[in-house]
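Remarks on the structure that follows.
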Amino acid sequence: MEQLVITEKDGANYHLYELEGALNAYTLGEFQKNLYAMVIETNVVVDMSKLIELDPAGIGVLMAAFNDAQDVGNKLYFMAMSNESEKAIASTGFKNEFHLINSVTEVA
């Protein structure tokens, strides 16, 4: 089973999660709680450049957090997606609805 390593950083108007490893049904527990709480507080950037797996459970968490952020007027950004995470996000059919960025300098 793959692991998920999460590094957190604060920016001027956002909170950054750097994810490394697999975001799947086995690894999303603590991240899910933290993410849901944080998107209500501020804009959130999820760096996906080091994700090697993003399964449907992981996608579901991200989509729910994206909607929660919009509900309170914040934004959830997906940054620097790995090939695996980009394919998974594209498979949802909603890729064009998400806030996709290449750098934290693009956070509005």
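Letters for chains follow the order of the structure tokens (A, B, ...), residue numbers begin at 1 for each chain, and ligand numbers begin at 1 in the order shown.
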Fewer than 4 positions away in the same chain doesn't count, so skip those; otherwise give me all residues within 7 Å of segment 50-61 of chain A, counting only C-alpha atoms, as a list in words.
-> Leu19, Glu20, Gly21, Ala22, Leu23, Asn24, Ala25, Leu28, Gln32, Ala65, Ser82, Glu84, Ser85 and Ala88 of chain A
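When only C-alpha atoms are used to measure the gap to Glu8 of chain A, the shortest distance among A:Lys33, A:Ile40, A:Val45, A:Leu62 belongs to A:Val45.
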Selection near Asn13 of chain A, 9 Å with only C-alpha atoms, sequence-local residues under 5 positions removed, as an MDAnalysis selection string = chainID A and resid 42:44 107:108
Just how far from atom CA of Thr92 of chain A is atom CA of Gly29 of chain A, in Å to one decimal?
-> 21.4 Å
Segment 20-84 of chain A: residues DSSP assigns to helix (DSSP H, G or I), reported as a CSV table (one decimal) with N, CA, C and O atoms, in the first residue's frame:
chain,number,residue,atom,x,y,z
A,29,GLY,N,-7.8,9.8,4.9
A,29,GLY,CA,-8.6,10.1,6.1
A,29,GLY,C,-8.2,11.5,6.8
A,29,GLY,O,-9.1,12.4,6.9
A,30,GLU,N,-7.0,11.6,7.3
A,30,GLU,CA,-6.6,12.9,8.0
A,30,GLU,C,-6.6,14.1,7.0
A,30,GLU,O,-7.0,15.2,7.4
A,31,PHE,N,-6.1,13.9,5.8
A,31,PHE,CA,-6.1,14.9,4.8
A,31,PHE,C,-7.5,15.5,4.5
A,31,PHE,O,-7.7,16.7,4.5
A,32,GLN,N,-8.4,14.6,4.4
A,32,GLN,CA,-9.8,14.9,4.1
A,32,GLN,C,-10.4,15.9,5.2
A,32,GLN,O,-10.9,16.9,4.9
A,33,LYS,N,-10.2,15.5,6.5
A,33,LYS,CA,-10.7,16.4,7.6
A,33,LYS,C,-10.0,17.8,7.5
A,33,LYS,O,-10.7,18.8,7.7
A,34,ASN,N,-8.7,17.8,7.4
A,34,ASN,CA,-7.9,19.0,7.3
A,34,ASN,C,-8.4,19.9,6.2
A,34,ASN,O,-8.5,21.1,6.3
A,35,LEU,N,-8.5,19.3,5.0
A,35,LEU,CA,-8.8,20.0,3.8
A,35,LEU,C,-10.2,20.6,3.9
A,35,LEU,O,-10.4,21.8,3.6
A,36,TYR,N,-11.2,19.9,4.4
A,36,TYR,CA,-12.6,20.4,4.5
A,36,TYR,C,-12.6,21.6,5.4
A,36,TYR,O,-13.3,22.5,5.2
A,37,ALA,N,-11.9,21.5,6.5
A,37,ALA,CA,-11.8,22.6,7.5
A,37,ALA,C,-11.1,23.8,6.9
A,37,ALA,O,-11.6,25.0,7.1
A,38,MET,N,-10.1,23.6,6.1
A,38,MET,CA,-9.3,24.7,5.6
A,38,MET,C,-9.9,25.5,4.5
A,38,MET,O,-9.8,26.7,4.4
A,39,VAL,N,-10.7,24.8,3.6
A,39,VAL,CA,-11.3,25.5,2.5
A,39,VAL,C,-12.4,26.5,3.0
A,39,VAL,O,-12.7,27.4,2.3
A,40,ILE,N,-12.9,26.3,4.2
A,40,ILE,CA,-13.9,27.2,4.7
A,40,ILE,C,-13.2,28.4,5.3
A,40,ILE,O,-13.8,29.5,5.3
A,41,GLU,N,-11.9,28.3,5.7
A,41,GLU,CA,-11.2,29.4,6.3
A,41,GLU,C,-10.5,30.3,5.3
A,41,GLU,O,-10.5,31.5,5.4
A,56,PRO,N,-10.7,7.2,-7.4
A,56,PRO,CA,-12.0,7.9,-7.3
A,56,PRO,C,-12.3,8.4,-5.9
A,56,PRO,O,-13.0,9.5,-5.8
A,57,ALA,N,-11.9,7.8,-4.9
A,57,ALA,CA,-12.2,8.3,-3.5
A,57,ALA,C,-11.4,9.6,-3.3
A,57,ALA,O,-12.0,10.6,-2.8
A,58,GLY,N,-10.2,9.7,-3.8
A,58,GLY,CA,-9.4,10.9,-3.7
A,58,GLY,C,-10.0,12.0,-4.5
A,58,GLY,O,-10.1,13.2,-4.1
A,59,ILE,N,-10.5,11.7,-5.7
A,59,ILE,CA,-11.2,12.7,-6.5
A,59,ILE,C,-12.4,13.2,-5.9
A,59,ILE,O,-12.7,14.4,-5.9
A,60,GLY,N,-13.2,12.3,-5.2
A,60,GLY,CA,-14.4,12.7,-4.5
A,60,GLY,C,-14.1,13.7,-3.4
A,60,GLY,O,-14.9,14.6,-3.3
A,61,VAL,N,-13.1,13.5,-2.7
A,61,VAL,CA,-12.7,14.4,-1.6
A,61,VAL,C,-12.3,15.7,-2.2
A,61,VAL,O,-12.8,16.8,-1.7
A,62,LEU,N,-11.6,15.8,-3.3
A,62,LEU,CA,-11.2,17.0,-3.9
A,62,LEU,C,-12.4,17.8,-4.4
A,62,LEU,O,-12.5,19.0,-4.3
A,63,MET,N,-13.3,17.1,-5.1
A,63,MET,CA,-14.5,17.7,-5.6
A,63,MET,C,-15.4,18.3,-4.5
A,63,MET,O,-15.9,19.4,-4.7
A,64,ALA,N,-15.6,17.5,-3.5
A,64,ALA,CA,-16.4,18.0,-2.4
A,64,ALA,C,-15.8,19.2,-1.7
A,64,ALA,O,-16.5,20.2,-1.4
A,65,ALA,N,-14.4,19.2,-1.6
A,65,ALA,CA,-13.8,20.4,-1.0
A,65,ALA,C,-13.9,21.6,-1.9
A,65,ALA,O,-14.0,22.7,-1.5
A,66,PHE,N,-13.8,21.3,-3.2
A,66,PHE,CA,-13.9,22.4,-4.2
A,66,PHE,C,-15.3,23.1,-4.1
A,66,PHE,O,-15.4,24.3,-4.1
A,67,ASN,N,-16.3,22.3,-4.0
A,67,ASN,CA,-17.7,22.8,-3.8
A,67,ASN,C,-17.8,23.5,-2.5
A,67,ASN,O,-18.5,24.6,-2.4
A,68,ASP,N,-17.3,23.0,-1.4
A,68,ASP,CA,-17.3,23.7,-0.1
A,68,ASP,C,-16.7,25.0,-0.2
A,68,ASP,O,-17.2,26.0,0.4
A,69,ALA,N,-15.5,25.1,-0.8
A,69,ALA,CA,-14.8,26.4,-0.9
A,69,ALA,C,-15.7,27.4,-1.7
A,69,ALA,O,-15.8,28.6,-1.2
A,70,GLN,N,-16.3,27.0,-2.8
A,70,GLN,CA,-17.1,27.9,-3.6
A,70,GLN,C,-18.3,28.4,-2.8
A,70,GLN,O,-18.7,29.5,-2.9
A,71,ASP,N,-18.8,27.5,-1.9
A,71,ASP,CA,-20.0,27.9,-1.1
A,71,ASP,C,-19.7,29.0,-0.2
A,71,ASP,O,-20.6,29.8,0.1
A,83,ASN,N,1.2,13.6,-14.1
A,83,ASN,CA,0.4,12.9,-15.2
A,83,ASN,C,-0.7,12.1,-14.7
A,83,ASN,O,-1.8,12.1,-15.2
A,84,GLU,N,-0.5,11.4,-13.6
A,84,GLU,CA,-1.5,10.5,-13.0
A,84,GLU,C,-2.7,11.4,-12.5
A,84,GLU,O,-3.8,11.0,-12.7
Tell me, which residues of chain A carry DSSP strand (DSSP E or B), written as a count of residues only?
-> 36
Excluding segment 102-105 of chain A and any residue of its chain fewer than 3 positions from it, enumerate the residues within 9 Å of it, using only C-alpha atoms, and give them as number ranges by chain.
-> A: 11, 14, 16, 45, 78-81, 108
Convert the current residue selection to file output with C-alpha atoms, as a short mmCIF file (atom, residue, chain, number, x, y, z; two decimals), in the first residue's frame.
data_model
loop_
_atom_site.label_atom_id
_atom_site.label_comp_id
_atom_site.auth_asym_id
_atom_site.auth_seq_id
_atom_site.Cartn_x
_atom_site.Cartn_y
_atom_site.Cartn_z
CA GLY A 11 1.04 31.96 1.93
CA TYR A 14 -3.78 30.78 0.82
CA LEU A 16 -0.70 25.10 0.59
CA VAL A 45 -3.66 25.26 -3.09
CA PHE A 78 -4.98 22.37 -8.13
CA MET A 79 -1.32 23.14 -8.88
CA ALA A 80 1.32 21.46 -11.03
CA MET A 81 -0.54 18.21 -11.59
CA ALA A 108 -6.11 35.43 -6.86
#
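Put simply, atom CA of Ala12 of chain A is 21.3 Å away from atom CA of Ser49 of chain A.
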Counting only C-alpha atoms, the residue among A:Ala90, A:Met48, A:Leu100, A:Leu76 that lies closest to His15 of chain A is A:Leu76
